[in-house]
Amino acid sequence: MDFPINSPIQKIEDAVFTNQKIALYLKRDDLIHPLISGNKWRKLKYLLEDARLRHKTHLVTFGGAFSNHLLATAAAGATFGFRTTGFVRGEEVQNDILFMCSLLGMQLIFTDRKLYQHKQELFLKHFAADPEAYFVDEGGASALAALGCSELVNEISEEYDHLFCACGTGTTAAGILNGLAAKNLPTTFHAVPVLKNADWMRQEIEKYLLKEVLFEVQTAYGFGGYAKTRPELLDFIKRFIAATGILIDPVYTGKMLFAIYDLAQKKYFLPGAKILAVHTGGTFGLLGMKNQFGQV
Ligand SMILES: *Cc1c(COP(=O)(O)O)cnc(C)c1O
């Protein structure tokens, strides 16, 4: 159960970096798989292995109507021979992501927002009688997911001064921090929460840390909340995509890269700094936001 996961690292050329003698590189985890996007594959890998070890053939998981995790689970299930069920938060809707989940064979159960909060109860209510059902938390959040994410660090051969990653639950960030700590790397890690006022993100990340480490949380780039955007973010994304040929989305990677460009403009980095940003995938998130882009 594997993909050639060693995703390439690519330099991003932009005057804002060369002028200050700093350099930005992008770890292209979006290239791991077109549907099982970046960090979602790293997060699922050991969960799927665990399911298989326990002879569970039915993955049951949870997500919003535009969830990259639902799509990744549907695609991973179809690829590796698991049946999949997704509890979708909220009233029944149709969209591009859910269309692809269905194509990949995922059974969708739309769930009232109140009931959705009690995931274990939902799982038991529907699947207590199914001995092959395997519970996967929303976004894959788990220690096994953090373990999968820590492996990203083994694929980095050069040293970087800074490493940036977008955060939703913080599991990916924790995994990468564990990987950096295991190798004793001097890299400063920056978590970029994609939610507003995410001061609590530090504690969420610390839940999955194997030992205490220092890291930064860049809380200024939530843009009003999860899946919320502002014109300057959308403009930045349009310019970045047209200048590089790399798709980024307004929910995760757009905010993370906006943070790096903004900090560079504010002369946050020392001359000579080498920065690595993780492209955690999720480019189909663009489809959920296409109307907000207006006239491109
Ligand atoms: C889910 C997701 C994240 C957030 O990962 P967490 O482990 O929940 O912090 C970041 N980027 C993309 C593209 C995602 O789909």
# chains A, B, ... in the order shown; residues from 1 in each chain; ligands from 1
$ residues_near_ligand --ligand "ligand 1" --cutoff "6 Å" --atoms "only C-alpha atoms and all ligand atoms" --output "VMD selection string"
chain A and resid 68 139 166 to 172 252 to 253 280 to 282
$ write_last_selection --atoms "C-alpha atoms" --output "PDB file, in the first residue's frame"
ATOM      1  CA  ASN A  68     -10.364  17.123   0.836  1.00  0.00           C
ATOM      2  CA  GLY A 139      -9.498  14.881   8.584  1.00  0.00           C
ATOM      3  CA  ALA A 166      -1.013  25.280   6.563  1.00  0.00           C
ATOM      4  CA  CYS A 167      -2.989  23.952   9.556  1.00  0.00           C
ATOM      5  CA  GLY A 168      -6.587  22.872   9.986  1.00  0.00           C
ATOM      6  CA  THR A 169      -6.497  20.393  12.857  1.00  0.00           C
ATOM      7  CA  GLY A 170      -2.736  20.760  13.384  1.00  0.00           C
ATOM      8  CA  THR A 171      -2.015  17.037  12.957  1.00  0.00           C
ATOM      9  CA  THR A 172       0.183  17.554   9.903  1.00  0.00           C
ATOM     10  CA  TYR A 252      -5.164  26.139   2.744  1.00  0.00           C
ATOM     11  CA  THR A 253      -2.091  26.577   0.571  1.00  0.00           C
ATOM     12  CA  THR A 280      -0.272  20.040   1.170  1.00  0.00           C
ATOM     13  CA  GLY A 281      -2.403  19.505  -1.959  1.00  0.00           C
ATOM     14  CA  GLY A 282      -6.130  20.128  -1.881  1.00  0.00           C
TER      15      GLY A 282
END
$ residues_around --residues "Leu71 of chain A" --least-positions-apart "4" --cutoff "9 Å" --atoms "only C-alpha atoms" --output "list of chain:residue names"
A:Leu35, A:Ile36, A:Ser37, A:Phe66, A:Ser67, A:Ala75, A:Ala76, A:Ile97, A:Leu98, A:Met100, A:Cys101, A:Leu104, A:Met106
$ atom_distance --atom1 "atom CA of Lys196 of chain A" --atom2 "atom CA of Glu216 of chain A"
16.1 Å
$ residues_around --residues "Thr84 of chain A" --least-positions-apart "5" --cutoff "7 Å" --atoms "only C-alpha atoms" --output "ChimeraX atom specification"
/A:58-60,74,77,106-107
$ select_by_dssp --residues "segment 100-199 of chain A" --states "strand (DSSP E)" --output "ChimeraX atom specification"
/A:107-111,133-135,162-167,188-193
$ write_last_selection --atoms "N, CA and C atoms" --output "PDB file, in the first residue's frame"
ATOM      1  N   GLN A 107     -20.228   5.841  -0.106  1.00  0.00           N
ATOM      2  CA  GLN A 107     -21.617   6.047   0.301  1.00  0.00           C
ATOM      3  C   GLN A 107     -21.653   7.317   1.150  1.00  0.00           C
ATOM      4  N   LEU A 108     -22.526   8.262   0.770  1.00  0.00           N
ATOM      5  CA  LEU A 108     -22.586   9.532   1.506  1.00  0.00           C
ATOM      6  C   LEU A 108     -23.810   9.540   2.413  1.00  0.00           C
ATOM      7  N   ILE A 109     -23.605   9.934   3.661  1.00  0.00           N
ATOM      8  CA  ILE A 109     -24.732  10.068   4.597  1.00  0.00           C
ATOM      9  C   ILE A 109     -24.733  11.509   5.099  1.00  0.00           C
ATOM     10  N   PHE A 110     -25.671  12.303   4.595  1.00  0.00           N
ATOM     11  CA  PHE A 110     -25.765  13.702   5.030  1.00  0.00           C
ATOM     12  C   PHE A 110     -26.320  13.727   6.449  1.00  0.00           C
ATOM     13  N   THR A 111     -25.701  14.545   7.271  1.00  0.00           N
ATOM     14  CA  THR A 111     -25.967  14.463   8.705  1.00  0.00           C
ATOM     15  C   THR A 111     -26.178  15.846   9.308  1.00  0.00           C
ATOM     16  N   ALA A 133     -16.243  -2.503   9.794  1.00  0.00           N
ATOM     17  CA  ALA A 133     -16.198  -1.031   9.735  1.00  0.00           C
ATOM     18  C   ALA A 133     -15.038  -0.495  10.580  1.00  0.00           C
ATOM     19  N   TYR A 134     -14.353   0.507  10.046  1.00  0.00           N
ATOM     20  CA  TYR A 134     -13.167   1.089  10.702  1.00  0.00           C
ATOM     21  C   TYR A 134     -13.364   2.595  10.791  1.00  0.00           C
ATOM     22  N   PHE A 135     -13.331   3.114  12.002  1.00  0.00           N
ATOM     23  CA  PHE A 135     -13.583   4.533  12.261  1.00  0.00           C
ATOM     24  C   PHE A 135     -12.342   5.370  11.923  1.00  0.00           C
ATOM     25  N   HIS A 162      13.661  27.869   7.562  1.00  0.00           N
ATOM     26  CA  HIS A 162      12.245  27.963   7.936  1.00  0.00           C
ATOM     27  C   HIS A 162      11.447  26.918   7.176  1.00  0.00           C
ATOM     28  N   LEU A 163      10.423  26.376   7.833  1.00  0.00           N
ATOM     29  CA  LEU A 163       9.511  25.444   7.165  1.00  0.00           C
ATOM     30  C   LEU A 163       8.084  25.875   7.488  1.00  0.00           C
ATOM     31  N   PHE A 164       7.265  26.071   6.472  1.00  0.00           N
ATOM     32  CA  PHE A 164       5.881  26.548   6.655  1.00  0.00           C
ATOM     33  C   PHE A 164       4.878  25.473   6.239  1.00  0.00           C
ATOM     34  N   CYS A 165       3.784  25.380   6.998  1.00  0.00           N
ATOM     35  CA  CYS A 165       2.720  24.442   6.643  1.00  0.00           C
ATOM     36  C   CYS A 165       1.368  25.007   7.072  1.00  0.00           C
ATOM     37  N   ALA A 166       0.353  24.862   6.220  1.00  0.00           N
ATOM     38  CA  ALA A 166      -1.013  25.280   6.563  1.00  0.00           C
ATOM     39  C   ALA A 166      -1.604  24.301   7.568  1.00  0.00           C
ATOM     40  N   CYS A 167      -2.406  24.807   8.518  1.00  0.00           N
ATOM     41  CA  CYS A 167      -2.989  23.952   9.556  1.00  0.00           C
ATOM     42  C   CYS A 167      -4.497  24.069   9.616  1.00  0.00           C
ATOM     43  N   THR A 188      13.324  26.433  11.823  1.00  0.00           N
ATOM     44  CA  THR A 188      12.191  27.024  12.551  1.00  0.00           C
ATOM     45  C   THR A 188      10.900  26.652  11.829  1.00  0.00           C
ATOM     46  N   PHE A 189       9.982  26.012  12.563  1.00  0.00           N
ATOM     47  CA  PHE A 189       8.720  25.595  11.957  1.00  0.00           C
ATOM     48  C   PHE A 189       7.646  26.656  12.186  1.00  0.00           C
ATOM     49  N   HIS A 190       6.890  26.972  11.135  1.00  0.00           N
ATOM     50  CA  HIS A 190       5.801  27.947  11.219  1.00  0.00           C
ATOM     51  C   HIS A 190       4.487  27.267  10.850  1.00  0.00           C
ATOM     52  N   ALA A 191       3.580  27.182  11.802  1.00  0.00           N
ATOM     53  CA  ALA A 191       2.234  26.703  11.519  1.00  0.00           C
ATOM     54  C   ALA A 191       1.399  27.898  11.065  1.00  0.00           C
ATOM     55  N   VAL A 192       0.664  27.754   9.972  1.00  0.00           N
ATOM     56  CA  VAL A 192      -0.216  28.836   9.506  1.00  0.00           C
ATOM     57  C   VAL A 192      -1.663  28.357   9.620  1.00  0.00           C
ATOM     58  N   PRO A 193      -2.357  28.701  10.716  1.00  0.00           N
ATOM     59  CA  PRO A 193      -3.757  28.288  10.847  1.00  0.00           C
ATOM     60  C   PRO A 193      -4.616  28.981   9.789  1.00  0.00           C
TER      61      PRO A 193
END
$ atom_distance --atom1 "atom CA of Asp249 of chain A" --atom2 "atom CA of Met289 of chain A"
8.5 Å
$ closest_atom_pairs --of "segment 36-97 of chain A" --to "segment 1-25 of chain A" --cutoff "8 Å" --atoms "only C-alpha atoms" --output "tab-separated table"
residue	atom	partner	partner_atom	distance
A:Lys45	CA	A:Asp2	CA	7.7
A:Glu49	CA	A:Met1	CA	7.6
A:Phe80	CA	A:Met1	CA	7.0
$ write_last_selection --atoms "N, CA and C atoms" --output "PDB file, in the first residue's frame"
ATOM      1  N   LYS A  45      -2.133   6.896   5.325  1.00  0.00           N
ATOM      2  CA  LYS A  45      -1.312   5.718   5.033  1.00  0.00           C
ATOM      3  C   LYS A  45      -1.304   4.696   6.172  1.00  0.00           C
ATOM      4  N   GLU A  49      -3.179   0.951   6.808  1.00  0.00           N
ATOM      5  CA  GLU A  49      -2.415  -0.248   7.189  1.00  0.00           C
ATOM      6  C   GLU A  49      -2.986  -0.861   8.452  1.00  0.00           C
ATOM      7  N   PHE A  80      -7.251   0.864  -2.905  1.00  0.00           N
ATOM      8  CA  PHE A  80      -6.685  -0.224  -2.107  1.00  0.00           C
ATOM      9  C   PHE A  80      -7.726  -1.238  -1.635  1.00  0.00           C
TER      10      PHE A  80
END
$ closest_residue --among "A:Gly254, A:Gly86, A:Pro186, A:Gly179" --to "Asp137 of chain A" --atoms "only C-alpha atoms"
A:Gly86
$ select_by_dssp --residues "segment 102-132 of chain A" --states "helix (DSSP H, G or I)" --output "VMD selection string"
chain A and resid 102 to 103 113 to 116 119 to 127
